[in-house]
Amino acid sequence: MHLASLNSVQASASEAPVLSVRNLTTSFRVYDEWNPVIRDISFDVHPRETVAIVGESGSGKSVTSLSIMRLLQAESSRVEGKVLLEGRDLLALSEAEMRKVRGKDVSMIFQEPMTSLNPIFPIGEQIAEALMVHQKISKADARAEVLRLLEKVRIPNANRRFKEYPHQFSGGMRQRVMIAMALASRPKLLIADEPTTALDVTIQSQILDLIKQLQEEEGMSVLFITHDMGVVAEVADRTIVMYRGDTVETGATADIFVRGEHPYTRALLSAVP
Ligand code: ADP
Ligand code: MG
């Protein structure tokens, strides 16, 4: 296990943040009452930085990312605070504007890649479709771009695999496909919600390495959500520890490992082999 270098934080922290989340509070309606499940979450993600949100299951990590992307059902949820993407408050945008943000500026990958892939279409067609929806490009150009993306995420024999169906891909290869799709729009920010949790340990570290390499190549910022402090150590410059909807600790990852004080942080750390 190694701690991510802190140099990149120092380099990027002087620039304006890509993402500033301020006092993000999300409540769900239960009968007539609004119950907050995350409270006053505030953090920044600077250019080319990876920030981890770590916490046990149910602590509000996914609600945080879904609130940022405005993917919660409007009727049963209430999202308060500010989500500034390069200074623009996403919570104040119209749904049409928000759709553009999702198609271009911010991409998201999830734990189970199969649910986002259509089983009856070849992988290459699905990536091409995503490209053609969000960018005005021809079919021939889309195909070339798909091959470039598949090679970018290190899928061997991209030319052949292009025509294969999701079930012909292993879990790790499917997650590579999802990463390729996420990169298609060249986003400023990638939100990864437990992207390696469903994968075997060896595949897990390959995907983490891939995300780190791509981040450098693309100059992206990453918000990385996980329950696993071992993963945090691998990827994150800075870390936010969440517990039952609250931030209990935030700081440079190395500091959290050495000086993290909250009993819950210590408990998470004691689980790291
Ligand atoms: P994590 O991703 O950290 O495992 P979640 O963000 O998914 O946790 O969930 C945080 C809390 O919010 C949990 O108690 C969960 O049951 C609750 N929750 C999540 N989504 C909804 C929803 N749509 N309606 C009501 N409660 C929800
Ligand atoms: Mg979750």
# chains A, B, ... in the order shown; residues from 1 in each chain; ligands from 1
call {"tool": "select_by_dssp", "arguments": {"residues": "stretch 57-97 of chain A", "states": "alpha helix (DSSP H)", "output": "MDAnalysis selection string"}}
result
chainID A and resid 61:68 95:97
call {"tool": "residues_near_ligand", "arguments": {"ligand": "ligand 1", "cutoff": "10 Å", "atoms": "only C-alpha atoms and all ligand atoms", "output": "PyMOL selection string"}}
result
chain A and resi 26-30+34-38+53-67+72-74+76-77+193-194+225-227+242-245
call {"tool": "write_last_selection", "arguments": {"atoms": "C-alpha atoms", "output": "mmCIF file, in the first residue's frame"}}
result
data_model
loop_
_atom_site.group_PDB
_atom_site.id
_atom_site.type_symbol
_atom_site.label_atom_id
_atom_site.label_comp_id
_atom_site.auth_asym_id
_atom_site.auth_seq_id
_atom_site.Cartn_x
_atom_site.Cartn_y
_atom_site.Cartn_z
ATOM 1 C CA THR A 26 -30.292 16.273 1.296
ATOM 2 C CA SER A 27 -33.549 15.113 2.837
ATOM 3 C CA PHE A 28 -36.021 12.452 1.835
ATOM 4 C CA ARG A 29 -39.711 12.630 2.509
ATOM 5 C CA VAL A 30 -41.118 9.996 4.786
ATOM 6 C CA TRP A 34 -38.386 15.540 5.619
ATOM 7 C CA ASN A 35 -35.525 13.501 7.049
ATOM 8 C CA PRO A 36 -32.023 14.746 6.269
ATOM 9 C CA VAL A 37 -29.685 11.890 5.315
ATOM 10 C CA ILE A 38 -26.646 14.078 4.613
ATOM 11 C CA ILE A 53 -15.358 10.248 0.201
ATOM 12 C CA VAL A 54 -15.090 7.261 2.490
ATOM 13 C CA GLY A 55 -17.581 5.800 4.927
ATOM 14 C CA GLU A 56 -19.409 2.620 5.764
ATOM 15 C CA SER A 57 -22.489 1.515 3.878
ATOM 16 C CA GLY A 58 -25.437 3.833 4.508
ATOM 17 C CA SER A 59 -23.358 6.848 5.520
ATOM 18 C CA GLY A 60 -24.653 8.960 2.623
ATOM 19 C CA LYS A 61 -21.878 8.703 0.032
ATOM 20 C CA SER A 62 -24.116 7.830 -2.905
ATOM 21 C CA VAL A 63 -26.731 10.375 -1.870
ATOM 22 C CA THR A 64 -23.949 12.975 -1.938
ATOM 23 C CA SER A 65 -22.904 12.076 -5.486
ATOM 24 C CA LEU A 66 -26.490 11.766 -6.728
ATOM 25 C CA SER A 67 -27.279 15.156 -5.185
ATOM 26 C CA LEU A 72 -32.496 12.007 -7.152
ATOM 27 C CA GLN A 73 -36.236 11.968 -7.682
ATOM 28 C CA ALA A 74 -37.422 15.547 -7.353
ATOM 29 C CA SER A 76 -39.370 12.782 -2.770
ATOM 30 C CA SER A 77 -36.065 14.536 -2.157
ATOM 31 C CA ASP A 193 -19.085 5.656 -6.899
ATOM 32 C CA GLU A 194 -17.516 2.412 -5.627
ATOM 33 C CA ILE A 225 -16.396 7.200 -3.401
ATOM 34 C CA THR A 226 -15.508 4.068 -1.486
ATOM 35 C CA HIS A 227 -16.001 2.259 1.825
ATOM 36 C CA MET A 242 -18.482 10.494 6.340
ATOM 37 C CA TYR A 243 -20.401 8.876 9.140
ATOM 38 C CA ARG A 244 -24.185 8.735 9.268
ATOM 39 C CA GLY A 245 -24.631 11.740 6.985
#
call {"tool": "residues_around", "arguments": {"residues": "A:Gly219", "least_positions_apart": "4", "cutoff": "12 Å", "atoms": "only C-alpha atoms", "output": "list of chain:residue names"}}
result
A:Ser8, A:Ser12, A:Val18, A:His46, A:Pro47, A:Arg48, A:Glu49, A:Thr50, A:Leu183, A:Arg186, A:Pro187, A:Lys188, A:Leu189, A:Leu190, A:Ile211, A:Lys212, A:Gln213, A:Leu214, A:Gln215
call {"tool": "write_last_selection", "arguments": {"atoms": "N, CA and C atoms", "output": "mmCIF file, in the first residue's frame"}}
result
data_model
loop_
_atom_site.group_PDB
_atom_site.id
_atom_site.type_symbol
_atom_site.label_atom_id
_atom_site.label_comp_id
_atom_site.auth_asym_id
_atom_site.auth_seq_id
_atom_site.Cartn_x
_atom_site.Cartn_y
_atom_site.Cartn_z
ATOM 1 N N SER A 8 0.834 16.710 -6.018
ATOM 2 C CA SER A 8 -0.206 17.130 -6.954
ATOM 3 C C SER A 8 -1.228 18.027 -6.269
ATOM 4 N N SER A 12 -2.150 21.834 -7.469
ATOM 5 C CA SER A 12 -3.466 22.203 -7.967
ATOM 6 C C SER A 12 -4.270 23.067 -6.996
ATOM 7 N N VAL A 18 -12.442 22.992 -9.262
ATOM 8 C CA VAL A 18 -13.373 22.571 -10.298
ATOM 9 C C VAL A 18 -14.766 22.437 -9.670
ATOM 10 N N HIS A 46 -9.980 20.266 -6.510
ATOM 11 C CA HIS A 46 -9.165 21.144 -7.353
ATOM 12 C C HIS A 46 -8.782 20.446 -8.655
ATOM 13 N N PRO A 47 -8.319 21.234 -9.627
ATOM 14 C CA PRO A 47 -7.930 20.636 -10.904
ATOM 15 C C PRO A 47 -6.915 19.497 -10.729
ATOM 16 N N ARG A 48 -7.177 18.384 -11.394
ATOM 17 C CA ARG A 48 -6.305 17.203 -11.418
ATOM 18 C C ARG A 48 -6.164 16.512 -10.067
ATOM 19 N N GLU A 49 -7.025 16.859 -9.135
ATOM 20 C CA GLU A 49 -6.937 16.270 -7.810
ATOM 21 C C GLU A 49 -7.934 15.104 -7.694
ATOM 22 N N THR A 50 -7.576 14.119 -6.863
ATOM 23 C CA THR A 50 -8.541 13.074 -6.510
ATOM 24 C C THR A 50 -8.936 13.244 -5.054
ATOM 25 N N LEU A 183 -15.312 8.794 -20.367
ATOM 26 C CA LEU A 183 -14.267 9.684 -20.887
ATOM 27 C C LEU A 183 -14.639 10.313 -22.218
ATOM 28 N N ARG A 186 -14.809 13.910 -22.587
ATOM 29 C CA ARG A 186 -13.656 14.612 -22.003
ATOM 30 C C ARG A 186 -14.083 15.507 -20.830
ATOM 31 N N PRO A 187 -14.647 14.870 -19.792
ATOM 32 C CA PRO A 187 -15.195 15.647 -18.675
ATOM 33 C C PRO A 187 -14.101 16.315 -17.839
ATOM 34 N N LYS A 188 -14.496 17.371 -17.160
ATOM 35 C CA LYS A 188 -13.576 18.023 -16.223
ATOM 36 C C LYS A 188 -13.482 17.205 -14.947
ATOM 37 N N LEU A 189 -14.628 16.563 -14.627
ATOM 38 C CA LEU A 189 -14.734 15.859 -13.350
ATOM 39 C C LEU A 189 -15.345 14.487 -13.578
ATOM 40 N N LEU A 190 -14.711 13.477 -12.974
ATOM 41 C CA LEU A 190 -15.271 12.122 -12.989
ATOM 42 C C LEU A 190 -15.693 11.776 -11.566
ATOM 43 N N ILE A 211 -7.548 4.240 -13.649
ATOM 44 C CA ILE A 211 -8.151 5.544 -13.350
ATOM 45 C C ILE A 211 -7.056 6.575 -13.065
ATOM 46 N N LYS A 212 -6.034 6.157 -12.316
ATOM 47 C CA LYS A 212 -4.939 7.088 -12.013
ATOM 48 C C LYS A 212 -4.201 7.517 -13.284
ATOM 49 N N GLN A 213 -3.932 6.533 -14.157
ATOM 50 C CA GLN A 213 -3.216 6.859 -15.403
ATOM 51 C C GLN A 213 -4.036 7.800 -16.275
ATOM 52 N N LEU A 214 -5.337 7.483 -16.386
ATOM 53 C CA LEU A 214 -6.201 8.300 -17.248
ATOM 54 C C LEU A 214 -6.336 9.707 -16.699
ATOM 55 N N GLN A 215 -6.393 9.791 -15.377
ATOM 56 C CA GLN A 215 -6.496 11.110 -14.761
ATOM 57 C C GLN A 215 -5.320 11.982 -15.157
#
call {"tool": "residues_around", "arguments": {"residues": "A:Lys139", "least_positions_apart": "2", "cutoff": "12 Å", "atoms": "only C-alpha atoms", "output": "list of chain:residue names"}}
result
A:Gly124, A:Glu125, A:Ile127, A:Ala128, A:Glu129, A:Ala130, A:Leu131, A:Met132, A:Val133, A:Gln135, A:Lys136, A:Ile137, A:Asp141, A:Ala142, A:Arg143, A:Ala144, A:Glu145, A:Val146
call {"tool": "write_last_selection", "arguments": {"atoms": "C-alpha atoms", "output": "JSON list (two decimals), in the first residue's frame"}}
result
[["chain", "number", "residue", "atom", "x", "y", "z"],
["A", 124, "GLY", "CA", -18.95, -0.57, -29.68],
["A", 125, "GLU", "CA", -22.41, 0.53, -30.81],
["A", 127, "ILE", "CA", -20.23, 3.78, -26.93],
["A", 128, "ALA", "CA", -20.77, 5.19, -30.45],
["A", 129, "GLU", "CA", -24.37, 5.98, -29.56],
["A", 130, "ALA", "CA", -23.26, 7.88, -26.45],
["A", 131, "LEU", "CA", -20.80, 9.82, -28.60],
["A", 132, "MET", "CA", -23.36, 10.70, -31.24],
["A", 133, "VAL", "CA", -25.92, 11.86, -28.68],
["A", 135, "GLN", "CA", -21.30, 15.32, -29.84],
["A", 136, "LYS", "CA", -22.25, 16.11, -33.36],
["A", 137, "ILE", "CA", -20.10, 13.57, -35.16],
["A", 141, "ASP", "CA", -15.89, 9.33, -36.90],
["A", 142, "ALA", "CA", -17.75, 7.82, -33.95],
["A", 143, "ARG", "CA", -16.37, 4.38, -34.79],
["A", 144, "ALA", "CA", -12.82, 5.69, -34.93],
["A", 145, "GLU", "CA", -13.37, 7.47, -31.63],
["A", 146, "VAL", "CA", -14.77, 4.31, -30.01]]
call {"tool": "closest_residue", "arguments": {"among": "A:Val232, A:Val51, A:Leu149, A:Leu210", "to": "A:Leu19", "atoms": "only C-alpha atoms"}}
result
A:Val51
call {"tool": "atom_distance", "arguments": {"atom1": "atom CA of A:Ile203", "atom2": "atom CA of A:Phe257"}}
result
24.6 Å
call {"tool": "closest_atom_pairs", "arguments": {"of": "stretch 181-205 of chain A", "to": "stretch 162-176 of chain A", "cutoff": "8 Å", "atoms": "only C-alpha atoms", "output": "Markdown table"}}
result
| residue | atom | partner | partner_atom | distance |
| --- | --- | --- | --- | --- |
| A:Pro195 | CA | A:Gln175 | CA | 7.4 |
| A:Ala198 | CA | A:Gly171 | CA | 7.9 |
| A:Leu199 | CA | A:Gly172 | CA | 6.5 |
| A:Ile203 | CA | A:Gly172 | CA | 6.0 |
| A:Gln204 | CA | A:Gly172 | CA | 7.7 |
call {"tool": "closest_residue", "arguments": {"among": "A:Glu75, A:Glu86, A:Glu249, A:Asp40", "to": "A:Pro17", "atoms": "only C-alpha atoms"}}
result
A:Glu86
call {"tool": "closest_residue", "arguments": {"among": "A:Met181, A:Ile155, A:Leu90, A:Ile191", "to": "A:Leu117", "atoms": "only C-alpha atoms"}}
result
A:Met181
call {"tool": "closest_residue", "arguments": {"among": "A:Val248, A:Ala140, A:Ala92, A:Ala192", "to": "ligand 2", "atoms": "only C-alpha atoms and all ligand atoms"}}
result
A:Ala192
call {"tool": "atom_distance", "arguments": {"atom1": "atom CA of A:Ser42", "atom2": "atom CA of A:Leu24"}}
result
6.5 Å
